[in-house]
Every structure is written in C-alpha cells, then in structure tokens.
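Participant: See model-v5.tsv below, with TSV, C-alpha atoms.
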```tsv
chain	number	residue	atom	x	y	z
A	1	MET	CA	178.19	81.84	146.63
A	2	ILE	CA	177.90	84.12	149.70
A	3	GLU	CA	174.84	84.56	151.88
A	4	LEU	CA	174.45	86.38	155.19
A	5	ILE	CA	171.48	85.39	157.35
A	6	ASN	CA	170.54	87.60	160.31
A	7	VAL	CA	174.19	88.32	161.14
A	8	ARG	CA	174.60	90.15	164.45
A	9	LYS	CA	177.83	91.28	166.10
A	10	ARG	CA	178.33	92.89	169.49
A	11	PHE	CA	181.49	94.33	171.02
A	12	ASN	CA	180.92	94.73	174.76
A	13	ARG	CA	177.53	96.45	174.94
A	14	ARG	CA	177.58	97.93	171.45
A	15	TRP	CA	175.87	96.16	168.56
A	16	ILE	CA	177.75	96.71	165.28
A	17	THR	CA	175.63	94.56	162.98
A	18	LYS	CA	172.01	94.12	164.02
A	19	GLY	CA	170.62	91.43	161.79
A	20	VAL	CA	172.25	91.73	158.36
A	21	THR	CA	170.67	89.52	155.72
A	22	LEU	CA	172.21	89.74	152.26
A	23	SER	CA	172.78	87.48	149.25
A	24	ILE	CA	175.88	88.34	147.21
A	25	PRO	CA	175.44	87.57	143.49
A	26	THR	CA	178.06	85.17	142.12
A	27	GLY	CA	180.47	86.50	139.50
A	28	LYS	CA	179.48	90.12	140.12
A	29	THR	CA	180.85	93.14	141.99
A	30	THR	CA	178.81	94.21	145.01
A	31	VAL	CA	179.70	97.46	146.76
A	32	ILE	CA	178.73	97.91	150.41
A	33	ILE	CA	178.46	101.61	151.25
A	34	GLY	CA	177.73	103.53	154.41
A	35	ARG	CA	179.02	106.30	156.62
A	36	SER	CA	182.36	106.06	158.41
A	37	GLY	CA	182.06	104.02	161.61
A	38	GLU	CA	179.00	102.06	160.46
A	39	GLY	CA	180.84	98.73	160.71
A	40	LYS	CA	181.46	98.00	157.02
A	41	SER	CA	184.94	96.63	157.65
A	42	VAL	CA	183.66	94.57	160.59
A	43	LEU	CA	181.02	93.07	158.29
A	44	LEU	CA	183.69	92.27	155.70
A	45	LYS	CA	185.79	90.48	158.33
A	46	GLN	CA	182.73	88.46	159.38
A	47	ILE	CA	182.26	87.37	155.77
A	48	ILE	CA	185.80	86.04	155.57
A	49	GLY	CA	185.75	84.52	159.06
A	50	LEU	CA	188.33	86.80	160.69
A	51	ILE	CA	185.62	87.94	163.13
A	52	LYS	CA	182.96	85.52	164.34
A	53	PRO	CA	179.40	86.89	164.53
A	54	THR	CA	177.63	86.91	167.88
A	55	SER	CA	174.76	85.17	166.10
A	56	GLY	CA	173.56	84.43	162.58
A	57	GLN	CA	174.98	82.51	159.62
A	58	VAL	CA	177.60	83.26	156.97
A	59	LEU	CA	177.24	80.78	154.12
A	60	ILE	CA	179.97	80.31	151.52
A	61	ASP	CA	179.09	77.72	148.88
A	62	GLY	CA	176.39	76.50	151.24
A	63	THR	CA	178.73	75.99	154.21
A	64	ASP	CA	178.13	77.99	157.39
A	65	ILE	CA	181.66	79.17	158.18
A	66	THR	CA	180.63	80.39	161.65
A	67	MET	CA	180.52	76.72	162.67
A	68	LEU	CA	183.98	75.81	161.36
A	69	SER	CA	187.16	75.31	163.36
A	70	SER	CA	190.33	77.28	162.61
A	71	SER	CA	191.78	74.43	160.56
A	72	GLU	CA	188.54	74.04	158.60
A	73	LEU	CA	188.49	77.79	157.93
A	74	ASN	CA	191.92	77.52	156.28
A	75	HIS	CA	190.30	75.57	153.42
A	76	VAL	CA	187.77	78.39	152.97
A	77	PHE	CA	190.56	80.98	152.97
A	78	GLN	CA	192.06	79.28	149.92
A	79	LYS	CA	189.18	80.49	147.75
A	80	ILE	CA	189.04	84.03	149.19
A	81	GLY	CA	191.40	86.96	148.65
A	82	TYR	CA	191.45	90.00	150.94
A	83	VAL	CA	192.74	93.42	149.87
A	84	PHE	CA	193.59	95.57	152.87
A	85	GLN	CA	192.81	99.27	153.12
A	86	PHE	CA	196.44	100.42	152.98
A	87	ALA	CA	197.92	97.51	150.98
A	88	ALA	CA	199.59	96.15	154.18
A	89	LEU	CA	202.93	95.46	152.50
A	90	LEU	CA	205.90	94.43	154.64
A	91	ASP	CA	208.49	97.20	154.41
A	92	SER	CA	211.43	94.84	154.92
A	93	LEU	CA	210.47	92.68	151.93
A	94	ASN	CA	210.71	93.51	148.24
A	95	VAL	CA	207.80	93.20	145.80
A	96	PHE	CA	208.65	89.60	144.85
A	97	GLN	CA	208.74	88.56	148.50
A	98	ASN	CA	205.58	90.47	149.40
A	99	ILE	CA	203.57	88.89	146.59
A	100	GLY	CA	204.95	85.38	147.01
A	101	ILE	CA	205.18	85.38	150.79
A	102	THR	CA	202.61	82.64	151.45
A	103	LEU	CA	204.19	80.32	148.87
A	104	LEU	CA	207.70	80.99	150.15
A	105	GLU	CA	206.62	80.36	153.75
A	106	LYS	CA	205.24	76.98	152.68
A	107	GLY	CA	208.68	76.02	151.42
A	108	MET	CA	208.18	76.46	147.68
A	109	PRO	CA	211.55	77.20	146.02
A	110	ALA	CA	212.01	80.81	144.89
A	111	HIS	CA	212.62	79.76	141.28
A	112	LYS	CA	209.15	78.16	141.21
A	113	VAL	CA	207.49	81.09	142.92
A	114	LEU	CA	209.01	83.61	140.49
A	115	PRO	CA	206.90	82.73	137.39
A	116	ILE	CA	203.72	82.81	139.51
A	117	VAL	CA	204.61	86.25	140.85
A	118	LYS	CA	205.45	87.52	137.35
A	119	GLU	CA	202.06	86.28	136.10
A	120	LYS	CA	200.23	88.15	138.86
A	121	LEU	CA	202.30	91.30	138.25
A	122	ALA	CA	201.19	91.24	134.63
A	123	LEU	CA	197.54	90.94	135.69
A	124	VAL	CA	197.83	94.18	137.68
A	125	ASN	CA	199.81	95.94	134.93
A	126	LEU	CA	203.12	96.26	136.77
A	127	PRO	CA	206.43	95.77	134.88
A	128	GLU	CA	208.89	93.06	135.88
A	129	ASP	CA	211.47	95.63	136.93
A	130	THR	CA	209.22	96.26	139.94
A	131	LEU	CA	210.04	92.82	141.35
A	132	TYR	CA	213.00	93.76	143.50
A	133	LYS	CA	211.90	97.20	144.62
A	134	PHE	CA	210.87	97.82	148.22
A	135	PRO	CA	207.57	99.43	149.29
A	136	ALA	CA	209.32	102.72	150.10
A	137	GLU	CA	210.26	102.97	146.40
A	138	LEU	CA	206.65	102.60	145.20
A	139	SER	CA	203.89	105.13	144.71
A	140	GLY	CA	200.56	104.72	146.50
A	141	GLY	CA	198.93	103.32	143.38
A	142	MET	CA	201.76	100.83	142.83
A	143	LYS	CA	201.47	99.62	146.42
A	144	LYS	CA	197.76	98.98	145.85
A	145	ARG	CA	198.60	96.94	142.74
A	146	VAL	CA	201.17	94.87	144.61
A	147	GLY	CA	198.51	94.20	147.25
A	148	PHE	CA	196.14	93.06	144.50
A	149	ALA	CA	198.81	90.79	142.99
A	150	ARG	CA	199.48	89.18	146.38
A	151	THR	CA	195.76	88.47	146.71
A	152	LEU	CA	195.73	86.71	143.32
A	153	VAL	CA	198.58	84.30	144.10
A	154	HIS	CA	196.21	81.52	145.22
A	155	ASN	CA	193.74	82.10	142.35
A	156	PRO	CA	190.79	83.03	144.58
A	157	GLU	CA	187.17	82.80	143.49
A	158	ILE	CA	186.17	85.65	145.82
A	159	ILE	CA	187.95	88.94	146.53
A	160	LEU	CA	187.04	91.27	149.38
A	161	TYR	CA	188.24	94.88	149.14
A	162	ASP	CA	188.41	97.07	152.26
A	163	GLU	CA	188.31	100.75	151.16
A	164	PRO	CA	190.66	100.09	148.19
A	165	THR	CA	191.02	103.75	147.12
A	166	THR	CA	191.55	105.38	150.52
A	167	GLY	CA	194.29	108.03	150.37
A	168	LEU	CA	194.63	108.03	146.58
A	169	ASP	CA	194.30	111.03	144.25
A	170	PRO	CA	191.38	111.07	141.75
A	171	ILE	CA	193.47	109.89	138.80
A	172	THR	CA	195.00	106.96	140.69
A	173	THR	CA	191.58	106.16	142.15
A	174	ARG	CA	190.14	105.77	138.67
A	175	ILE	CA	193.05	103.58	137.58
A	176	VAL	CA	192.53	101.32	140.60
A	177	HIS	CA	188.78	101.09	139.94
A	178	GLU	CA	189.38	100.14	136.31
A	179	LEU	CA	191.94	97.55	137.39
A	180	MET	CA	189.45	96.01	139.82
A	181	GLU	CA	186.80	95.90	137.09
A	182	ASN	CA	189.22	94.26	134.65
A	183	MET	CA	190.30	91.66	137.23
A	184	GLN	CA	186.69	90.79	138.00
A	185	LYS	CA	185.76	90.34	134.34
A	186	THR	CA	188.95	88.55	133.29
A	187	LEU	CA	189.05	86.14	136.22
A	188	HIS	CA	185.23	85.84	136.70
A	189	LEU	CA	185.51	86.74	140.37
A	190	THR	CA	182.85	87.43	142.95
A	191	SER	CA	183.92	90.79	144.37
A	192	ILE	CA	182.75	92.61	147.49
A	193	VAL	CA	183.95	96.18	147.92
A	194	VAL	CA	183.53	98.19	151.12
A	195	SER	CA	183.66	101.89	150.29
A	196	HIS	CA	182.09	105.30	150.78
A	197	ASP	CA	183.46	106.53	147.42
A	198	VAL	CA	180.50	107.14	145.10
A	199	GLU	CA	182.82	106.73	142.08
A	200	THR	CA	182.88	103.02	142.88
A	201	PHE	CA	179.26	102.76	141.69
A	202	LYS	CA	180.38	103.19	138.07
A	203	TYR	CA	182.19	99.87	138.25
A	204	ALA	CA	179.73	97.92	140.41
A	205	ASP	CA	176.93	95.54	139.51
A	206	TYR	CA	175.08	95.83	142.84
A	207	VAL	CA	175.03	98.25	145.76
A	208	ALA	CA	174.09	97.61	149.40
A	209	LEU	CA	173.72	100.43	151.95
A	210	LEU	CA	174.61	99.63	155.56
A	211	HIS	CA	173.19	101.97	158.20
A	212	GLU	CA	172.97	101.47	161.96
A	213	GLY	CA	173.85	97.79	161.60
A	214	GLU	CA	171.21	96.95	158.99
A	215	ILE	CA	171.01	96.79	155.19
A	216	LYS	CA	168.70	99.65	154.21
A	217	PHE	CA	169.01	99.15	150.45
A	218	PHE	CA	170.16	96.50	148.00
A	219	GLY	CA	169.78	96.69	144.25
A	220	PRO	CA	171.46	97.03	140.84
A	221	ALA	CA	174.05	99.83	140.68
A	222	SER	CA	172.47	101.07	137.46
A	223	THR	CA	169.28	102.04	139.31
A	224	ILE	CA	170.60	103.77	142.42
A	225	TRP	CA	170.22	107.38	141.25
A	226	ASP	CA	166.55	106.77	140.52
A	227	ALA	CA	165.83	104.41	143.43
A	228	ASP	CA	162.94	105.34	145.71
A	229	ASN	CA	164.83	104.80	148.95
A	230	PRO	CA	165.25	107.72	151.38
A	231	TYR	CA	168.45	106.36	152.95
A	232	LEU	CA	170.14	105.83	149.60
A	233	TYR	CA	168.84	109.15	148.22
A	234	GLN	CA	170.37	111.07	151.13
A	235	PHE	CA	173.67	109.19	151.23
A	236	ILE	CA	174.71	109.29	147.58
A	237	ARG	CA	173.82	112.97	147.29
A	238	GLY	CA	175.53	113.92	150.54
A	239	LEU	CA	172.43	115.64	151.96
A	240	PRO	CA	172.42	116.75	155.63
A	241	ASN	CA	168.67	116.16	156.05
A	242	GLY	CA	166.99	112.77	155.90
A	243	PRO	CA	166.65	109.50	157.82
A	244	ILE	CA	170.45	109.29	158.28
A	245	LYS	CA	171.11	111.48	161.28
A	246	THR	CA	174.08	113.84	161.04
A	247	GLU	CA	175.92	115.96	163.56
A	248	THR	CA	174.52	119.42	164.15
A	249	PRO	CA	176.61	121.84	162.02
A	250	LEU	CA	178.62	124.52	163.80
A	251	ASN	CA	177.40	128.09	163.55
A	252	LEU	CA	180.44	129.85	162.11
```
Written as structure tokens, that's how I'd like the structure from this file.
Facilitator:
Amino acid sequence: MIELINVRKRFNRRWITKGVTLSIPTGKTTVIIGRSGEGKSVLLKQIIGLIKPTSGQVLIDGTDITMLSSSELNHVFQKIGYVFQFAALLDSLNVFQNIGITLLEKGMPAHKVLPIVKEKLALVNLPEDTLYKFPAELSGGMKKRVGFARTLVHNPEIILYDEPTTGLDPITTRIVHELMENMQKTLHLTSIVVSHDVETFKYADYVALLHEGEIKFFGPASTIWDADNPYLYQFIRGLPNGPIKTETPLNL
C-alpha cells in the first residue's frame, strides 16, 4: 500500500532524508524509530503529502503522490488518518465538535454527525458523557483518545501516528499502545508509528530504524533483540558506544 523510493528532503543546505527506500506492509503496524532530531516526523509528513520530497517517490496504492496537485491530494487524504503528537485538539470546541469538525465544516447537520461521533468514541473506549466536555476537562490519555476518534471519522485505511505516547505516564502509555493495537486489528488498518519508545515494539509487526537520513534496519519486530545489526543493537539498548555517534559525556 505504501512504498518509499529513494526519498530525499533538504531544508536549505541540510539534508534530512538522504535516500529512504522502504516498503510498508499492508494491514500491519510498522514502527519507525530513531534518535530525536533524526527527521522521523518529517518523513511521516512526506508519506502523507504534507511535505513534498526534494526528490524520490512516495507511492500509495501505486500512485506517486509527489506528482499530484493539491486537489488530487485531497482524495488521497480521505484514506489516511494522522494522529498528532499532542492530540492537537481545539480548546474552544467540545469533544463532539473536535471529533466531528471536518463533517460539520462540510455542512453535515449536527444530528447526523452525532451517531458517527458516538461510534468513534466507542471504538476508543470513551463514554458518551465525554461528548460535551472541553479539552481542559480531559486527562492526557483522554485527549489522545479523542484525537484517535477524530482520525477515525472518515474510516481511513492508513493511520500515521506521530509520537503518540509523548508526555504520558507509563500506565497511560500502555493503555494507548493497547488501544492502537486493538484499532489496527479490529479495523484492519495499515499503521505507521513514529516513536523512540521501545515499549512500542511489543505492539508492532515491523520495525525500521532511521539514522542520519537513511534506513539502517528493517525487519519483523519479533526479531529485533536478536538481530545482527550494530545500529539497532546500540539504539534499543541505549548504549553510548557504537556506530550511532553520541555527545561526549560531561565529566562530573
């Protein structure tokens, strides 16, 4: 469903992606890991078409979206959901309005939007009494769920997650991971998760490691702890020594 072919992206004189080639398995969860600042989120935005690569191809269902116009991209967006790092809820809108915002803006009557929103709330295990609460009244985990529900409104085939557990405590993080896994299996989604949280591996089918703009490893998540790859070995164990260069530690 998704294939990246020699994707390169430059901002001014700095290359962020330097020839990423990657095939994302359909109906599975693929986690893209890497150090902070490696360009994981930039890569995710290139996959969805929010950022256009400097060169290379991004194929979705065989169509190179880098060649599409803005209006043509809108048709692609219909099959893709995007979960932002910090939920990105609008503080002035309640949960019902945040989830149903795209339908309401298209002119769909509120009474027709309501059952759709309730259905999506149920999928993310939120009670109906959440509908008319505002973001300030929600916990961090509940905000994440509302963000998930909003993504599901258009019944996407693909969901992209940008650091979905950032800022959450370990218990809430696990709940969010299990919710993502349940959504993927129930709805038969193709999921791409950008994260540096090693706990994500427990719920993934495949793992890709991005380092210095290139994919240094790709393989089944079940094999990563035994994989013979020096980049992966160093990263998942948090080792200071290896091919991934780290800052020189301070002498305290």
Participant: Give me the residues near segment 75-88 of chain A as a list of chain:residue names, where near means some atom within 8 Å (using all atoms listed in the file) and where sequence neighbours in that chain fewer than 5 positions away do not count.
Facilitator: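 Surrounding residues, per the criterion: A:Ile48, A:Lys143, A:Lys144, A:Val146, A:Gly147, A:Phe148, A:Thr151, A:Leu152, A:His154, A:Asn155, A:Pro156, A:Glu157, A:Ile158, A:Ile159, A:Leu160, A:Tyr161, A:Asp162, A:Glu163, A:Pro164, A:Thr165, A:Thr166.
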Participant: Out of A:Gly107, A:Gly56, A:Pro25, A:Gly19, which residue has the shortest atom-to-atom distance to Tyr206 of chain A when counting only C-alpha atoms?
Facilitator: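 Closest to Tyr206 of chain A of all the choices is A:Pro25.
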Participant: Which residue out of A:Ile32, A:Lys18, A:Ile60, A:Leu232 has the minimum interatomic distance to Glu3 of chain A when all atoms listed in the file are used?
Facilitator: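 Between A:Ile32, A:Lys18, A:Ile60, A:Leu232, the residue approaching Glu3 of chain A most closely is A:Ile60.
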Participant: Which residues are close to Pro220 of chain A, i.e. within 7 Å by all atoms listed in the file, leaving aside same-chain residues fewer than 3 positions away? Reply as a list in words.
Facilitator: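 Near Pro220 of chain A, the qualifying residues are Asp205, Tyr206, Val207, Thr223 and Ile224 of chain A.
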Participant: Rank nothing, just name the residue among A:Arg150, A:His211, A:Lys133, A:Lys216 nearest to Val117 of chain A, using all atoms listed in the file.
Facilitator: A:Arg150
Participant: For Pro53 of chain A, which residue out of A:Thr17, A:Ser41, A:Ser70, A:Asn182 is the nearest one, using all atoms listed in the file?
Facilitator: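 Among A:Thr17, A:Ser41, A:Ser70, A:Asn182, it is A:Thr17 that comes nearest to Pro53 of chain A.
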Participant: Within 7 Å of (208.7, 90.9, 141.6) (file coordinates; only C-alpha atoms), which protein or nucleic acid residues are there? I'd like them as an MDAnalysis selection string.
Facilitator: chainID A and resid 95:96 117:118 128 130:132
Participant: Take the residues just selected and output them with C-alpha atoms as a CSV table (one decimal), in the coordinates of the input.
Facilitator:
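File part17.csv, as written:
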```csv
chain,number,residue,atom,x,y,z
A,95,VAL,CA,207.8,93.2,145.8
A,96,PHE,CA,208.6,89.6,144.8
A,117,VAL,CA,204.6,86.2,140.8
A,118,LYS,CA,205.4,87.5,137.4
A,128,GLU,CA,208.9,93.1,135.9
A,130,THR,CA,209.2,96.3,139.9
A,131,LEU,CA,210.0,92.8,141.4
A,132,TYR,CA,213.0,93.8,143.5
```
Participant: Restricting the calculation to all atoms listed in the file, which member of A:Ile2, A:Val124, A:Gly27, A:Gln97 is positioned closest to Gly62 of chain A?
Facilitator: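 Distance minimum relative to Gly62 of chain A lands on A:Ile2.
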Participant: Rank nothing, just name the residue among A:Ser71, A:Thr21, A:Asn98, A:Gln57 nearest to Phe218 of chain A, using all atoms listed in the file.
Facilitator: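 Closest to Phe218 of chain A, using all atoms listed in the file: A:Thr21.
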Participant: Would you work out the distance separating atom CA of Phe235 of chain A from atom CA of Gly219 of chain A, expressed in Å to one decimal?
Facilitator: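 Computing the Euclidean distance for atom CA of Phe235 of chain A and atom CA of Gly219 of chain A yields 14.8 Å.
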Participant: Would you work out the distance separating atom CA of Met180 of chain A from atom CA of Ser195 of chain A, expressed in Å to one decimal?
Facilitator: 13.3 Å
Participant: By how many Å are atom CA of Lys120 of chain A and atom CA of Ile99 of chain A apart?
Facilitator: 8.5 Å
Participant: If you count all atoms listed in the file, which residues fall within 12 Å of segment 201-204 of chain A, apart from same-chain ones fewer than 2 positions away, as a JSON list (two decimals) with C-alpha atoms, keeping the file's coordinate frame?
Facilitator:
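Okay, this is what ended up in out36.json:
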```
[["chain", "number", "residue", "atom", "x", "y", "z"],
["A", 25, "PRO", "CA", 175.44, 87.57, 143.49],
["A", 27, "GLY", "CA", 180.47, 86.50, 139.50],
["A", 28, "LYS", "CA", 179.48, 90.12, 140.12],
["A", 29, "THR", "CA", 180.85, 93.14, 141.99],
["A", 30, "THR", "CA", 178.81, 94.21, 145.01],
["A", 31, "VAL", "CA", 179.70, 97.46, 146.76],
["A", 32, "ILE", "CA", 178.73, 97.91, 150.41],
["A", 33, "ILE", "CA", 178.46, 101.61, 151.25],
["A", 173, "THR", "CA", 191.58, 106.16, 142.15],
["A", 174, "ARG", "CA", 190.14, 105.77, 138.67],
["A", 175, "ILE", "CA", 193.05, 103.58, 137.58],
["A", 176, "VAL", "CA", 192.53, 101.32, 140.60],
["A", 177, "HIS", "CA", 188.78, 101.09, 139.94],
["A", 178, "GLU", "CA", 189.38, 100.14, 136.31],
["A", 179, "LEU", "CA", 191.94, 97.55, 137.39],
["A", 180, "MET", "CA", 189.45, 96.01, 139.82],
["A", 181, "GLU", "CA", 186.80, 95.90, 137.09],
["A", 182, "ASN", "CA", 189.22, 94.26, 134.65],
["A", 183, "MET", "CA", 190.30, 91.66, 137.23],
["A", 184, "GLN", "CA", 186.69, 90.79, 138.00],
["A", 185, "LYS", "CA", 185.76, 90.34, 134.34],
["A", 190, "THR", "CA", 182.85, 87.43, 142.95],
["A", 191, "SER", "CA", 183.92, 90.79, 144.37],
["A", 192, "ILE", "CA", 182.75, 92.61, 147.49],
["A", 193, "VAL", "CA", 183.95, 96.18, 147.92],
["A", 194, "VAL", "CA", 183.53, 98.19, 151.12],
["A", 195, "SER", "CA", 183.66, 101.89, 150.29],
["A", 196, "HIS", "CA", 182.09, 105.30, 150.78],
["A", 197, "ASP", "CA", 183.46, 106.53, 147.42],
["A", 198, "VAL", "CA", 180.50, 107.14, 145.10],
["A", 199, "GLU", "CA", 182.82, 106.73, 142.08],
["A", 206, "TYR", "CA", 175.08, 95.83, 142.84],
["A", 207, "VAL", "CA", 175.03, 98.25, 145.76],
["A", 208, "ALA", "CA", 174.09, 97.61, 149.40],
["A", 209, "LEU", "CA", 173.72, 100.43, 151.95],
["A", 219, "GLY", "CA", 169.78, 96.69, 144.25],
["A", 220, "PRO", "CA", 171.46, 97.03, 140.84],
["A", 221, "ALA", "CA", 174.05, 99.83, 140.68],
["A", 222, "SER", "CA", 172.47, 101.07, 137.46],
["A", 223, "THR", "CA", 169.28, 102.04, 139.31],
["A", 224, "ILE", "CA", 170.60, 103.77, 142.42],
["A", 225, "TRP", "CA", 170.22, 107.38, 141.25],
["A", 236, "ILE", "CA", 174.71, 109.29, 147.58]]
```
Participant: Please list, as a PDB file with C-alpha atoms, in the coordinates of the input, the residues that have an atom at most 8 Å away from (174.8, 98.9, 166.8) in the coordinates of this file, counting only C-alpha atoms.
Facilitator:
```pdb
ATOM      1  CA  ARG A  10     178.330  92.890 169.490  1.00  0.00           C
ATOM      2  CA  ARG A  14     177.580  97.930 171.450  1.00  0.00           C
ATOM      3  CA  TRP A  15     175.870  96.160 168.560  1.00  0.00           C
ATOM      4  CA  ILE A  16     177.750  96.710 165.280  1.00  0.00           C
ATOM      5  CA  THR A  17     175.630  94.560 162.980  1.00  0.00           C
ATOM      6  CA  LYS A  18     172.010  94.120 164.020  1.00  0.00           C
ATOM      7  CA  GLU A 212     172.970 101.470 161.960  1.00  0.00           C
ATOM      8  CA  GLY A 213     173.850  97.790 161.600  1.00  0.00           C
TER       9      GLY A 213
END
```
